[in-house]
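Peer 1: Take this structure, written in structure tokens, and hold onto it; I'll ask about it next.
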Amino acid sequence: MTSDFSRYLTAKTTVDDRALNRQVLAQLRRLMPAGAPRVLEVGAGLGTMVARLMDWGVLSGGEYILLDADRRLLADSRRWLCDWADARGLRSDLLPDGLQVGDLRVRLVHAELASHLEAARGARADVLIANAVLDLVDVPAVLPGLLQLLVPGGVYWFTINYDGESVFTPDHPHDDQVMQAYHRDMDERVRYGRPAGESRTGRHLFQHLRTAGAPALAAGSSDWVVSADPNGDYPGDEAYFVRCILDTIRDALRGRQDRVEPGALADWLAERNRQLASGELVYIAHQLDFVGRSPR
């Protein structure tokens, strides 16, 4: 499944590019430490964010740590980042624990987030990034430890936090039933024996950050919006991205007849996949970005 997940992460890169809130990003630019900062990204996946920040001129040197629980995905990230650098004419050199891209050293660290927080030692980061991650964890339990990974007054950038609304158009009679059931599944999800996120993480982060002593300095919407052009073609590999979203909903609900009637789910999925194949389907997910500083 790792190779498929790598394709999913690659496919959603252009979706994230459009979604990331530019006002919040501008504040991140203002807060970025001068010189060669130490950046830690949790749940970093393929490393698409480090590539994006270099492409956008937000980051050029220092150390960037990619932390992820999937060892094979981290191996894919090394190859993906090398290919990305080659396409841009940037020198990349493989290192025992990662690679060097231009003036930026990228380190790959294999660890599950909660375990890493319990065992974290050593130098703290100047910048902490979590992209499409916090809605997969128990934020009140995890956030204080996350902020302790930063130097006092260090910068956090928490992006693409799901906020309880997914829209598929054209409308379908089973939309409300399916999405209410899916959100309930998100609210009850457990991974590694711990609660694993909720469907309204975005809006609740305002209070969670205040309670942790790190209120947001800027926040804004970062909605995913995927639609086809007039010829019915989706940008890049974004049709695959939406298909993965539909498959995720299917996998979450197909064994839960108490939440959604199997025939209704099958009918909904069949119509949505048909619309996707014909270029009719539009997918929108409401999310929020945050930037701020850790407690001093």
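Order determines the names: the first chain of the structure tokens is A, the second B, and so forth; residues in each chain are numbered 1 upward, and ligands are numbered 1 upward as they are shown.
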Give me every strand (DSSP E or B) residue in region 218-286 of chain A, going by DSSP on the backbone, as a ChimeraX atom specification.
Peer 2: /A:218-221,224-226,282-286
Peer 1: With a distance cut-off of 12 Å and only C-alpha atoms, select the neighbouring residues of Ser6 (chain A), excluding the residue or stretch itself and same-chain residues fewer than 4 positions from it, and output the selection as a PDB file with all heavy atoms, in the first residue's frame.
Peer 2:
ATOM      1  N   MET A   1       0.823  -1.207   0.000  1.00  0.00           N
ATOM      2  CA  MET A   1       0.000   0.000   0.000  1.00  0.00           C
ATOM      3  C   MET A   1       0.859   1.261   0.000  1.00  0.00           C
ATOM      4  O   MET A   1       0.438   2.332  -0.379  1.00  0.00           O
ATOM      5  CB  MET A   1      -0.915  -0.007   1.231  1.00  0.00           C
ATOM      6  CG  MET A   1      -1.880   1.171   1.305  1.00  0.00           C
ATOM      7  SD  MET A   1      -3.145   1.070   0.016  1.00  0.00           S
ATOM      8  CE  MET A   1      -4.038   2.598   0.298  1.00  0.00           C
ATOM      9  N   THR A   2       2.151   1.121   0.445  1.00  0.00           N
ATOM     10  CA  THR A   2       3.003   2.294   0.557  1.00  0.00           C
ATOM     11  C   THR A   2       3.176   2.991  -0.780  1.00  0.00           C
ATOM     12  O   THR A   2       3.119   4.205  -0.862  1.00  0.00           O
ATOM     13  CB  THR A   2       4.382   1.899   1.130  1.00  0.00           C
ATOM     14  OG1 THR A   2       4.196   1.317   2.423  1.00  0.00           O
ATOM     15  CG2 THR A   2       5.267   3.120   1.274  1.00  0.00           C
ATOM     16  N   THR A  10       1.843  12.392  -3.748  1.00  0.00           N
ATOM     17  CA  THR A  10       2.290  13.142  -4.918  1.00  0.00           C
ATOM     18  C   THR A  10       1.107  13.805  -5.616  1.00  0.00           C
ATOM     19  O   THR A  10       1.174  14.983  -6.001  1.00  0.00           O
ATOM     20  CB  THR A  10       3.008  12.212  -5.903  1.00  0.00           C
ATOM     21  OG1 THR A  10       4.111  11.571  -5.241  1.00  0.00           O
ATOM     22  CG2 THR A  10       3.551  12.992  -7.097  1.00  0.00           C
ATOM     23  N   ALA A  11       0.010  13.072  -5.748  1.00  0.00           N
ATOM     24  CA  ALA A  11      -1.169  13.606  -6.440  1.00  0.00           C
ATOM     25  C   ALA A  11      -1.766  14.795  -5.705  1.00  0.00           C
ATOM     26  O   ALA A  11      -2.295  15.720  -6.330  1.00  0.00           O
ATOM     27  CB  ALA A  11      -2.213  12.503  -6.608  1.00  0.00           C
ATOM     28  N   LYS A  12      -1.704  14.805  -4.390  1.00  0.00           N
ATOM     29  CA  LYS A  12      -2.321  15.893  -3.644  1.00  0.00           C
ATOM     30  C   LYS A  12      -1.413  17.116  -3.508  1.00  0.00           C
ATOM     31  O   LYS A  12      -1.831  18.133  -2.963  1.00  0.00           O
ATOM     32  CB  LYS A  12      -2.797  15.408  -2.273  1.00  0.00           C
ATOM     33  CG  LYS A  12      -1.828  15.496  -1.124  1.00  0.00           C
ATOM     34  CD  LYS A  12      -2.498  15.002   0.143  1.00  0.00           C
ATOM     35  CE  LYS A  12      -1.613  15.200   1.370  1.00  0.00           C
ATOM     36  NZ  LYS A  12      -1.690  16.578   1.881  1.00  0.00           N
ATOM     37  N   THR A  13      -0.199  17.029  -4.033  1.00  0.00           N
ATOM     38  CA  THR A  13       0.721  18.167  -3.927  1.00  0.00           C
ATOM     39  C   THR A  13       0.132  19.418  -4.570  1.00  0.00           C
ATOM     40  O   THR A  13       0.161  20.508  -3.982  1.00  0.00           O
ATOM     41  CB  THR A  13       2.072  17.828  -4.583  1.00  0.00           C
ATOM     42  OG1 THR A  13       2.641  16.693  -3.941  1.00  0.00           O
ATOM     43  CG2 THR A  13       3.042  19.003  -4.462  1.00  0.00           C
ATOM     44  N   ALA A  44       5.747  13.772   7.914  1.00  0.00           N
ATOM     45  CA  ALA A  44       6.237  14.503   6.747  1.00  0.00           C
ATOM     46  C   ALA A  44       6.017  13.800   5.422  1.00  0.00           C
ATOM     47  O   ALA A  44       6.126  14.421   4.359  1.00  0.00           O
ATOM     48  CB  ALA A  44       7.735  14.795   6.915  1.00  0.00           C
ATOM     49  N   GLY A  45       5.739  12.497   5.439  1.00  0.00           N
ATOM     50  CA  GLY A  45       5.447  11.808   4.192  1.00  0.00           C
ATOM     51  C   GLY A  45       6.604  11.814   3.214  1.00  0.00           C
ATOM     52  O   GLY A  45       7.743  11.483   3.560  1.00  0.00           O
ATOM     53  N   LEU A  46       6.325  12.227   1.983  1.00  0.00           N
ATOM     54  CA  LEU A  46       7.332  12.196   0.915  1.00  0.00           C
ATOM     55  C   LEU A  46       8.321  13.352   0.971  1.00  0.00           C
ATOM     56  O   LEU A  46       9.318  13.339   0.264  1.00  0.00           O
ATOM     57  CB  LEU A  46       6.634  12.235  -0.449  1.00  0.00           C
ATOM     58  CG  LEU A  46       6.091  10.940  -1.017  1.00  0.00           C
ATOM     59  CD1 LEU A  46       5.456  11.193  -2.371  1.00  0.00           C
ATOM     60  CD2 LEU A  46       7.172   9.874  -1.132  1.00  0.00           C
ATOM     61  N   GLY A  47       8.029  14.369   1.768  1.00  0.00           N
ATOM     62  CA  GLY A  47       8.877  15.553   1.760  1.00  0.00           C
ATOM     63  C   GLY A  47       8.401  16.612   0.794  1.00  0.00           C
ATOM     64  O   GLY A  47       9.171  17.495   0.402  1.00  0.00           O
ATOM     65  N   THR A  48       7.137  16.543   0.383  1.00  0.00           N
ATOM     66  CA  THR A  48       6.627  17.541  -0.563  1.00  0.00           C
ATOM     67  C   THR A  48       6.630  18.942   0.032  1.00  0.00           C
ATOM     68  O   THR A  48       6.755  19.918  -0.701  1.00  0.00           O
ATOM     69  CB  THR A  48       5.196  17.184  -1.017  1.00  0.00           C
ATOM     70  OG1 THR A  48       4.353  17.040   0.134  1.00  0.00           O
ATOM     71  CG2 THR A  48       5.188  15.880  -1.800  1.00  0.00           C
ATOM     72  N   ASP A  70       6.175   5.728   8.795  1.00  0.00           N
ATOM     73  CA  ASP A  70       6.246   4.738   7.713  1.00  0.00           C
ATOM     74  C   ASP A  70       7.667   4.702   7.155  1.00  0.00           C
ATOM     75  O   ASP A  70       8.096   5.606   6.438  1.00  0.00           O
ATOM     76  CB  ASP A  70       5.238   5.115   6.622  1.00  0.00           C
ATOM     77  CG  ASP A  70       5.058   4.020   5.580  1.00  0.00           C
ATOM     78  OD1 ASP A  70       6.046   3.332   5.267  1.00  0.00           O
ATOM     79  OD2 ASP A  70       3.932   3.871   5.075  1.00  0.00           O
ATOM     80  N   ARG A  72       9.048   2.736   4.874  1.00  0.00           N
ATOM     81  CA  ARG A  72       9.128   2.625   3.413  1.00  0.00           C
ATOM     82  C   ARG A  72       8.779   3.959   2.754  1.00  0.00           C
ATOM     83  O   ARG A  72       9.331   4.304   1.705  1.00  0.00           O
ATOM     84  CB  ARG A  72       8.209   1.518   2.920  1.00  0.00           C
ATOM     85  CG  ARG A  72       8.693   0.108   3.279  1.00  0.00           C
ATOM     86  CD  ARG A  72       7.761  -0.951   2.728  1.00  0.00           C
ATOM     87  NE  ARG A  72       7.657  -0.861   1.279  1.00  0.00           N
ATOM     88  CZ  ARG A  72       6.716  -1.465   0.568  1.00  0.00           C
ATOM     89  NH1 ARG A  72       5.773  -2.172   1.184  1.00  0.00           N
ATOM     90  NH2 ARG A  72       6.688  -1.363  -0.737  1.00  0.00           N
ATOM     91  N   LEU A  73       7.859   4.690   3.358  1.00  0.00           N
ATOM     92  CA  LEU A  73       7.517   6.000   2.818  1.00  0.00           C
ATOM     93  C   LEU A  73       8.706   6.944   2.902  1.00  0.00           C
ATOM     94  O   LEU A  73       8.961   7.729   1.973  1.00  0.00           O
ATOM     95  CB  LEU A  73       6.323   6.576   3.576  1.00  0.00           C
ATOM     96  CG  LEU A  73       5.695   7.856   3.021  1.00  0.00           C
ATOM     97  CD1 LEU A  73       5.244   7.665   1.580  1.00  0.00           C
ATOM     98  CD2 LEU A  73       4.529   8.295   3.893  1.00  0.00           C
ATOM     99  N   LEU A  74       9.468   6.871   3.980  1.00  0.00           N
ATOM    100  CA  LEU A  74      10.673   7.690   4.090  1.00  0.00           C
ATOM    101  C   LEU A  74      11.696   7.301   3.027  1.00  0.00           C
ATOM    102  O   LEU A  74      12.395   8.165   2.485  1.00  0.00           O
ATOM    103  CB  LEU A  74      11.284   7.548   5.489  1.00  0.00           C
ATOM    104  CG  LEU A  74      10.533   8.264   6.617  1.00  0.00           C
ATOM    105  CD1 LEU A  74      11.154   7.898   7.965  1.00  0.00           C
ATOM    106  CD2 LEU A  74      10.540   9.771   6.421  1.00  0.00           C
ATOM    107  N   ALA A  75      11.795   6.004   2.718  1.00  0.00           N
ATOM    108  CA  ALA A  75      12.691   5.581   1.635  1.00  0.00           C
ATOM    109  C   ALA A  75      12.218   6.159   0.308  1.00  0.00           C
ATOM    110  O   ALA A  75      13.032   6.612  -0.510  1.00  0.00           O
ATOM    111  CB  ALA A  75      12.745   4.053   1.568  1.00  0.00           C
ATOM    112  N   ASP A  76      10.901   6.175   0.082  1.00  0.00           N
ATOM    113  CA  ASP A  76      10.365   6.793  -1.129  1.00  0.00           C
ATOM    114  C   ASP A  76      10.685   8.288  -1.156  1.00  0.00           C
ATOM    115  O   ASP A  76      10.926   8.860  -2.221  1.00  0.00           O
ATOM    116  CB  ASP A  76       8.842   6.606  -1.200  1.00  0.00           C
ATOM    117  CG  ASP A  76       8.436   5.175  -1.507  1.00  0.00           C
ATOM    118  OD1 ASP A  76       9.313   4.370  -1.895  1.00  0.00           O
ATOM    119  OD2 ASP A  76       7.238   4.862  -1.343  1.00  0.00           O
ATOM    120  N   SER A  77      10.681   8.923   0.024  1.00  0.00           N
ATOM    121  CA  SER A  77      10.926  10.369   0.070  1.00  0.00           C
ATOM    122  C   SER A  77      12.342  10.705  -0.389  1.00  0.00           C
ATOM    123  O   SER A  77      12.557  11.723  -1.051  1.00  0.00           O
ATOM    124  CB  SER A  77      10.692  10.907   1.487  1.00  0.00           C
ATOM    125  OG  SER A  77      11.746  10.568   2.362  1.00  0.00           O
ATOM    126  N   ARG A  78      13.289   9.859  -0.067  1.00  0.00           N
ATOM    127  CA  ARG A  78      14.673  10.103  -0.500  1.00  0.00           C
ATOM    128  C   ARG A  78      14.743  10.124  -2.029  1.00  0.00           C
ATOM    129  O   ARG A  78      15.341  11.026  -2.621  1.00  0.00           O
ATOM    130  CB  ARG A  78      15.589   9.015   0.062  1.00  0.00           C
ATOM    131  CG  ARG A  78      17.075   9.276  -0.176  1.00  0.00           C
ATOM    132  CD  ARG A  78      17.868   8.015   0.128  1.00  0.00           C
ATOM    133  NE  ARG A  78      17.745   7.604   1.520  1.00  0.00           N
ATOM    134  CZ  ARG A  78      18.688   7.807   2.435  1.00  0.00           C
ATOM    135  NH1 ARG A  78      19.800   8.430   2.113  1.00  0.00           N
ATOM    136  NH2 ARG A  78      18.516   7.376   3.666  1.00  0.00           N
ATOM    137  N   ARG A  79      14.086   9.123  -2.670  1.00  0.00           N
ATOM    138  CA  ARG A  79      14.091   9.082  -4.136  1.00  0.00           C
ATOM    139  C   ARG A  79      13.291  10.248  -4.722  1.00  0.00           C
ATOM    140  O   ARG A  79      13.700  10.858  -5.712  1.00  0.00           O
ATOM    141  CB  ARG A  79      13.513   7.746  -4.615  1.00  0.00           C
ATOM    142  CG  ARG A  79      14.383   6.544  -4.303  1.00  0.00           C
ATOM    143  CD  ARG A  79      13.863   5.288  -4.991  1.00  0.00           C
ATOM    144  NE  ARG A  79      12.583   4.857  -4.438  1.00  0.00           N
ATOM    145  CZ  ARG A  79      12.468   4.038  -3.396  1.00  0.00           C
ATOM    146  NH1 ARG A  79      13.558   3.578  -2.791  1.00  0.00           N
ATOM    147  NH2 ARG A  79      11.275   3.668  -2.970  1.00  0.00           N
ATOM    148  N   TRP A  80      12.140  10.555  -4.102  1.00  0.00           N
ATOM    149  CA  TRP A  80      11.284  11.630  -4.618  1.00  0.00           C
ATOM    150  C   TRP A  80      12.005  12.969  -4.565  1.00  0.00           C
ATOM    151  O   TRP A  80      11.966  13.757  -5.531  1.00  0.00           O
ATOM    152  CB  TRP A  80       9.985  11.682  -3.820  1.00  0.00           C
ATOM    153  CG  TRP A  80       8.967  12.615  -4.405  1.00  0.00           C
ATOM    154  CD1 TRP A  80       8.004  12.317  -5.325  1.00  0.00           C
ATOM    155  CD2 TRP A  80       8.832  14.021  -4.123  1.00  0.00           C
ATOM    156  NE1 TRP A  80       7.277  13.453  -5.637  1.00  0.00           N
ATOM    157  CE2 TRP A  80       7.752  14.501  -4.919  1.00  0.00           C
ATOM    158  CE3 TRP A  80       9.496  14.903  -3.292  1.00  0.00           C
ATOM    159  CZ2 TRP A  80       7.352  15.833  -4.891  1.00  0.00           C
ATOM    160  CZ3 TRP A  80       9.103  16.239  -3.250  1.00  0.00           C
ATOM    161  CH2 TRP A  80       8.030  16.688  -4.053  1.00  0.00           C
ATOM    162  N   TYR A 240      -6.917  10.808  -9.295  1.00  0.00           N
ATOM    163  CA  TYR A 240      -6.496   9.723  -8.408  1.00  0.00           C
ATOM    164  C   TYR A 240      -6.630  10.145  -6.954  1.00  0.00           C
ATOM    165  O   TYR A 240      -7.066   9.356  -6.103  1.00  0.00           O
ATOM    166  CB  TYR A 240      -5.049   9.331  -8.707  1.00  0.00           C
ATOM    167  CG  TYR A 240      -4.536   8.213  -7.829  1.00  0.00           C
ATOM    168  CD1 TYR A 240      -4.845   6.892  -8.117  1.00  0.00           C
ATOM    169  CD2 TYR A 240      -3.767   8.486  -6.699  1.00  0.00           C
ATOM    170  CE1 TYR A 240      -4.390   5.858  -7.306  1.00  0.00           C
ATOM    171  CE2 TYR A 240      -3.312   7.466  -5.880  1.00  0.00           C
ATOM    172  CZ  TYR A 240      -3.634   6.159  -6.186  1.00  0.00           C
ATOM    173  OH  TYR A 240      -3.196   5.140  -5.381  1.00  0.00           O
ATOM    174  N   PHE A 241      -6.275  11.378  -6.653  1.00  0.00           N
ATOM    175  CA  PHE A 241      -6.417  11.907  -5.293  1.00  0.00           C
ATOM    176  C   PHE A 241      -7.869  11.796  -4.817  1.00  0.00           C
ATOM    177  O   PHE A 241      -8.138  11.305  -3.717  1.00  0.00           O
ATOM    178  CB  PHE A 241      -5.937  13.355  -5.263  1.00  0.00           C
ATOM    179  CG  PHE A 241      -6.362  14.119  -4.042  1.00  0.00           C
ATOM    180  CD1 PHE A 241      -5.735  13.926  -2.834  1.00  0.00           C
ATOM    181  CD2 PHE A 241      -7.400  15.046  -4.113  1.00  0.00           C
ATOM    182  CE1 PHE A 241      -6.136  14.636  -1.694  1.00  0.00           C
ATOM    183  CE2 PHE A 241      -7.804  15.759  -2.996  1.00  0.00           C
ATOM    184  CZ  PHE A 241      -7.173  15.535  -1.786  1.00  0.00           C
ATOM    185  N   CYS A 244      -8.941   8.291  -4.103  1.00  0.00           N
ATOM    186  CA  CYS A 244      -8.460   7.836  -2.795  1.00  0.00           C
ATOM    187  C   CYS A 244      -9.366   8.326  -1.668  1.00  0.00           C
ATOM    188  O   CYS A 244      -9.597   7.607  -0.691  1.00  0.00           O
ATOM    189  CB  CYS A 244      -7.025   8.321  -2.564  1.00  0.00           C
ATOM    190  SG  CYS A 244      -5.780   7.496  -3.580  1.00  0.00           S
TER     191      CYS A 244
END
Peer 1: Using only C-alpha atoms, which protein or nucleic acid residues come within 9 Å of Ala125 (chain A)? Drop anything in the same chain fewer than 4 positions from it, and give the result as a list in words.
Peer 2: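 These residues fall inside the cut-off: Pro37, Arg38, Val39, Leu40, Leu149, Leu150, Val151, Gly154 and Val155 of chain A.
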Peer 1: Using only C-alpha atoms, I'd like a table of the residues in region 99-213 of chain A that come within 12 Å of region 227-239 of chain A; for each, show the closest atom pair and its distance in Å rounded to one decimal, ordered by chain and ascending number, as a Markdown table.
Peer 2:
| residue | atom | partner | partner_atom | distance |
| --- | --- | --- | --- | --- |
| A:Val167 | CA | A:Ser227 | CA | 11.8 |
| A:Phe168 | CA | A:Ser227 | CA | 10.2 |
| A:Thr169 | CA | A:Ser227 | CA | 9.8 |
| A:Pro170 | CA | A:Ser227 | CA | 11.5 |
Peer 1: May I have the residues from that selection written out with all heavy atoms, as a JSON list (two decimals), in the first residue's frame?
Peer 2:
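What landed in result34.json:
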[["chain", "number", "residue", "atom", "x", "y", "z"],
["A", 167, "VAL", "N", -17.78, 18.41, 0.70],
["A", 167, "VAL", "CA", -18.85, 18.63, -0.28],
["A", 167, "VAL", "C", -18.49, 17.92, -1.56],
["A", 167, "VAL", "O", -17.36, 18.05, -2.07],
["A", 167, "VAL", "CB", -19.05, 20.13, -0.56],
["A", 167, "VAL", "CG1", -20.10, 20.34, -1.65],
["A", 167, "VAL", "CG2", -19.42, 20.88, 0.71],
["A", 168, "PHE", "N", -19.43, 17.14, -2.07],
["A", 168, "PHE", "CA", -19.32, 16.55, -3.40],
["A", 168, "PHE", "C", -20.50, 17.06, -4.21],
["A", 168, "PHE", "O", -21.64, 17.03, -3.75],
["A", 168, "PHE", "CB", -19.37, 15.02, -3.33],
["A", 168, "PHE", "CG", -18.21, 14.38, -2.63],
["A", 168, "PHE", "CD1", -18.24, 14.17, -1.26],
["A", 168, "PHE", "CD2", -17.08, 13.98, -3.33],
["A", 168, "PHE", "CE1", -17.19, 13.58, -0.59],
["A", 168, "PHE", "CE2", -16.02, 13.38, -2.67],
["A", 168, "PHE", "CZ", -16.06, 13.18, -1.30],
["A", 169, "THR", "N", -20.21, 17.56, -5.39],
["A", 169, "THR", "CA", -21.31, 17.99, -6.27],
["A", 169, "THR", "C", -21.11, 17.32, -7.63],
["A", 169, "THR", "O", -19.98, 17.02, -8.02],
["A", 169, "THR", "CB", -21.34, 19.52, -6.44],
["A", 169, "THR", "OG1", -20.17, 19.96, -7.14],
["A", 169, "THR", "CG2", -21.42, 20.21, -5.11],
["A", 170, "PRO", "N", -22.22, 17.07, -8.36],
["A", 170, "PRO", "CA", -23.61, 17.43, -8.09],
["A", 170, "PRO", "C", -24.14, 16.76, -6.81],
["A", 170, "PRO", "O", -23.61, 15.75, -6.35],
["A", 170, "PRO", "CB", -24.37, 16.91, -9.32],
["A", 170, "PRO", "CG", -23.31, 16.73, -10.38],
["A", 170, "PRO", "CD", -22.07, 16.36, -9.65]]
Peer 1: If we count only C-alpha atoms and set the cut-off at 6 Å, which residues sit around Leu66 (chain A), ignoring sequence neighbours fewer than 2 positions away in its own chain? Please answer as number ranges by chain.
Peer 2: A: 41, 44, 108-109
Peer 1: Write a file of the selected residues as a PDB file, in the first residue's frame, keeping all heavy atoms.
Peer 2:
ATOM      1  N   GLU A  41       9.439  18.612  10.639  1.00  0.00           N
ATOM      2  CA  GLU A  41       8.093  18.356  10.137  1.00  0.00           C
ATOM      3  C   GLU A  41       7.646  16.982  10.601  1.00  0.00           C
ATOM      4  O   GLU A  41       8.308  15.976  10.319  1.00  0.00           O
ATOM      5  CB  GLU A  41       8.021  18.429   8.615  1.00  0.00           C
ATOM      6  CG  GLU A  41       6.595  18.236   8.106  1.00  0.00           C
ATOM      7  CD  GLU A  41       6.463  18.274   6.594  1.00  0.00           C
ATOM      8  OE1 GLU A  41       7.459  18.563   5.904  1.00  0.00           O
ATOM      9  OE2 GLU A  41       5.345  17.992   6.109  1.00  0.00           O
ATOM     10  N   ALA A  44       5.747  13.772   7.914  1.00  0.00           N
ATOM     11  CA  ALA A  44       6.237  14.503   6.747  1.00  0.00           C
ATOM     12  C   ALA A  44       6.017  13.800   5.422  1.00  0.00           C
ATOM     13  O   ALA A  44       6.126  14.421   4.359  1.00  0.00           O
ATOM     14  CB  ALA A  44       7.735  14.795   6.915  1.00  0.00           C
ATOM     15  N   LEU A 108      16.079  12.110   7.613  1.00  0.00           N
ATOM     16  CA  LEU A 108      14.909  11.250   7.643  1.00  0.00           C
ATOM     17  C   LEU A 108      14.883  10.502   8.972  1.00  0.00           C
ATOM     18  O   LEU A 108      15.837   9.787   9.307  1.00  0.00           O
ATOM     19  CB  LEU A 108      14.946  10.251   6.480  1.00  0.00           C
ATOM     20  CG  LEU A 108      15.195  10.848   5.086  1.00  0.00           C
ATOM     21  CD1 LEU A 108      15.274   9.733   4.048  1.00  0.00           C
ATOM     22  CD2 LEU A 108      14.112  11.840   4.725  1.00  0.00           C
ATOM     23  N   VAL A 109      13.806  10.670   9.729  1.00  0.00           N
ATOM     24  CA  VAL A 109      13.695  10.051  11.051  1.00  0.00           C
ATOM     25  C   VAL A 109      12.442   9.197  11.097  1.00  0.00           C
ATOM     26  O   VAL A 109      11.325   9.700  10.888  1.00  0.00           O
ATOM     27  CB  VAL A 109      13.644  11.117  12.168  1.00  0.00           C
ATOM     28  CG1 VAL A 109      13.430  10.455  13.524  1.00  0.00           C
ATOM     29  CG2 VAL A 109      14.925  11.946  12.171  1.00  0.00           C
TER      30      VAL A 109
END
Peer 1: DSSP says alpha helix (DSSP H) for which residues of region 84-289 of chain A? Put them as number ranges by chain?
Peer 2: A: 84-87, 113-119, 139-147, 175-187, 201-211, 238-253, 262-278
Peer 1: Excluding Leu265 (chain A) and its own-chain neighbours fewer than 2 positions away, which residues fall within 9 Å of it when counting only C-alpha atoms? Please give them as a PDB file with C-alpha atoms, in the first residue's frame.
Peer 2:
ATOM      1  CA  HIS A 174     -27.443  10.125   0.275  1.00  0.00           C
ATOM      2  CA  GLN A 177     -26.279  10.176   5.517  1.00  0.00           C
ATOM      3  CA  VAL A 178     -22.861   9.215   4.166  1.00  0.00           C
ATOM      4  CA  ARG A 250     -15.790   3.359   1.541  1.00  0.00           C
ATOM      5  CA  LEU A 253     -18.138   2.733   6.365  1.00  0.00           C
ATOM      6  CA  ARG A 254     -18.600  -0.520   4.489  1.00  0.00           C
ATOM      7  CA  VAL A 260     -25.222   3.875   6.786  1.00  0.00           C
ATOM      8  CA  GLU A 261     -27.361   1.380   4.898  1.00  0.00           C
ATOM      9  CA  PRO A 262     -25.098  -0.721   2.615  1.00  0.00           C
ATOM     10  CA  GLY A 263     -27.261  -0.168  -0.457  1.00  0.00           C
ATOM     11  CA  ASP A 267     -25.274   3.661  -4.698  1.00  0.00           C
ATOM     12  CA  TRP A 268     -23.502   6.810  -3.514  1.00  0.00           C
ATOM     13  CA  LEU A 269     -20.035   5.439  -4.294  1.00  0.00           C
ATOM     14  CA  ALA A 270     -21.059   4.116  -7.720  1.00  0.00           C
TER      15      ALA A 270
END
Peer 1: Any idea what's packed within 8 Å of region 276-292 of chain A, counting only C-alpha atoms, ignoring anything in its chain fewer than 2 positions away? Could you give it as JSON, numbers by chain?
Peer 2: {"A": [20, 21, 24, 27, 28, 155, 156, 157, 158, 159, 160, 161, 162, 163, 164, 165, 166, 167, 168, 169, 170, 202, 203, 214, 215, 216, 217, 218, 219, 220, 221, 222, 223, 224, 225, 226, 227, 228, 229, 231, 232, 233, 234, 239, 242, 243, 272, 273, 274, 294]}
Peer 1: What is the CA of Asp126 (chain A)-CA of Ala36 (chain A) distance in Å, reported with one decimal?
Peer 2: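 Between these atoms lies a distance of 9.6 Å.
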Peer 1: Could you jot down the CA of Val58 (chain A) to CA of Gly197 (chain A) separation for me, Å, one decimal place?
Peer 2: 29.1 Å
Peer 1: Using only C-alpha atoms, which of A:Glu118, A:Asp258, A:Asp171, A:His208 sits nearest Asp185 (chain A)?
Peer 2: A:Asp258
Peer 1: Considering only C-alpha atoms, state which residue in the set A:Thr248, A:Val137, A:Ala87, A:Gln180 is at the smallest distance from Thr201 (chain A).
Peer 2: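 Closest to Thr201 (chain A), using only C-alpha atoms: A:Val137.
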Peer 1: Counting only C-alpha atoms, figure out which residue out of A:Leu94, A:Ala123, A:Ala111, A:Ala132 gets nearest to Asp16 (chain A).
Peer 2: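 Ranking A:Leu94, A:Ala123, A:Ala111, A:Ala132 by distance to Asp16 (chain A), first place goes to A:Ala132.
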Peer 1: Could you list, as a list in words, every residue within 9 Å of Ser92 (chain A), counting only C-alpha atoms and ignoring same-chain residues fewer than 4 positions away?
Peer 2: Leu81, Cys82, Ala85, Asp86, Leu99, Gln100, Val101 and Gly102 of chain A
Peer 1: I need the residue nearest Asp247 (chain A) from this list: A:Tyr182, A:Gly213, A:Val133, A:Arg191. Use only C-alpha atoms for the distance.
Peer 2: A:Tyr182
Peer 1: When distances are computed from only C-alpha atoms, which of A:His183, A:Arg124, A:Arg29, A:His110 shows the smallest separation from Ala69 (chain A)?
Peer 2: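 Among the listed residues, the smallest separation from Ala69 (chain A) belongs to A:His110.
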Peer 1: Enter the distance from CA of Val142 (chain A) to CA of Gly43 (chain A), in Å, rounded to one decimal.
Peer 2: 13.3 Å
Peer 1: Nearest to Arg210 (chain A): which of A:Leu143, A:Arg259, A:Ile245, A:Arg184 is it, counting only C-alpha atoms?
Peer 2: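 Selected residue with least distance to Arg210 (chain A): A:Leu143.
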